[in-house]
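Colleague: Quick one: the structure is below, and I'll ask about it shortly.
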Amino acid sequence: MPRALHHRLFGAALCVFVPLAASAQPSGCTSIASVPITWNIDYANDIQTIFSTRCANCHVDHAGNPQAGLDLDPKWSYENLVGTPSGSGEILVVPGNPQASVLFQKINCDTPVAGLRMPRLRPALPLAEQALIYDWIMLGAPRISDTMFASGFEPRP
């Protein structure tokens, strides 16, 4: 089994079955294990499209006041997510670690470590979109995909 698939399967299970000794942990997470892994992910074409379609009505700079202070406008979204702390101090996107990324928790878990599941008061993102965001983070949250190994080989570090 390729390492990234193992990480996705293990990570999806980890999100649901958390150790009792852990402090704040997400709960009610949805398994994405049934969705095939996407290896060739381009931030602007794949990930930003999800944000623009599903999140922009709340998380864009409406006169300087996007919801939760998170502006997902295409010009700023990458910098506002990757390696950036949330209002509660957790990192929004931890490259290579979807389970520790608040963004993934908020789209995948009924009770993320901070705040509410997104999109708020609307249906959850389709599993394919949740899995795409997971895969993008797992692959290191790149801006542009490394297409050399896009056929399923391990991504380059």
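Following the order of the structure tokens, chains are lettered A, B, ..., residues in each are numbered from 1, and ligands are numbered from 1.
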Hey, what's within 10 Å of stretch 99-113 of chain A if we count only C-alpha atoms and toss same-chain stuff fewer than 2 positions away? As an NGL selection string, please?

Modeller: :A and (8 or 11-12 or 14-16 or 23-32 or 81-83 or 85-86 or 88-97 or 115-120 or 124-127 or 129-131 or 133-134 or 137-138)

Colleague: Within stretch 37-151 of chain A, find each residue whose DSSP state, derived from the backbone, is strand (DSSP E or B), and express the selection as an MDAnalysis selection string.

Modeller: chainID A and resid 82 85 91 93 109:111

Colleague: I need the chosen residues saved as a compact mmCIF listing (two decimals), in the first residue's frame, with C-alpha atoms.

Modeller:
# COMPACT_ATOMS: atom_id res chain seq x y z
CA VAL A 82 -0.88 27.59 5.20
CA PRO A 85 -2.72 30.29 13.30
CA ILE A 91 -2.67 26.20 12.75
CA VAL A 93 -3.18 24.21 7.49
CA CYS A 109 -15.79 16.84 11.75
CA ASP A 110 -19.09 17.68 13.43
CA THR A 111 -17.16 19.03 16.41

Colleague: Measure the distance from atom CA of A:Trp76 to atom CA of A:Pro123 in Å and round it to one decimal.

Modeller: 25.4 Å

Colleague: With DSSP run on the backbone, what are the helix (DSSP H, G or I) residues within stretch 30-124 of chain A? I'd like them as a short mmCIF file (atom, residue, chain, number, x, y, z; two decimals) with C-alpha atoms, in the first residue's frame.

Modeller:
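Dumped to out.cif:
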data_model
loop_
_atom_site.label_atom_id
_atom_site.label_comp_id
_atom_site.auth_asym_id
_atom_site.auth_seq_id
_atom_site.Cartn_x
_atom_site.Cartn_y
_atom_site.Cartn_z
CA TYR A 43 -4.14 24.89 -5.45
CA ALA A 44 -5.67 27.54 -7.74
CA ASN A 45 -7.60 25.13 -9.94
CA ASP A 46 -8.66 22.52 -7.39
CA ILE A 47 -8.60 23.84 -3.83
CA GLN A 48 -9.38 27.52 -4.45
CA THR A 49 -12.32 26.47 -6.62
CA ILE A 50 -13.86 24.75 -3.59
CA PHE A 51 -13.36 27.87 -1.47
CA SER A 52 -14.76 30.16 -4.17
CA THR A 53 -17.81 27.94 -4.64
CA ARG A 54 -18.57 26.96 -1.05
CA GLN A 67 -16.20 35.80 8.95
CA ALA A 68 -13.77 34.74 11.70
CA GLY A 69 -11.21 37.08 10.13
CA SER A 77 -6.28 32.54 0.65
CA TYR A 78 -3.07 30.49 0.43
CA GLU A 79 -1.12 32.85 2.71
CA ASN A 80 -4.11 33.13 5.06
CA LEU A 81 -4.24 29.33 5.50
CA PRO A 98 -4.40 17.05 7.79
CA GLN A 99 -5.46 15.79 11.23
CA ALA A 100 -3.66 18.69 12.92
CA VAL A 102 -8.03 23.20 11.65
CA LEU A 103 -9.23 23.62 8.06
CA PHE A 104 -9.64 19.87 7.55
CA GLN A 105 -11.23 19.38 10.97
CA LYS A 106 -13.74 22.14 10.26
CA ILE A 107 -14.87 20.63 6.96
CA ASN A 108 -14.73 17.00 8.09
#
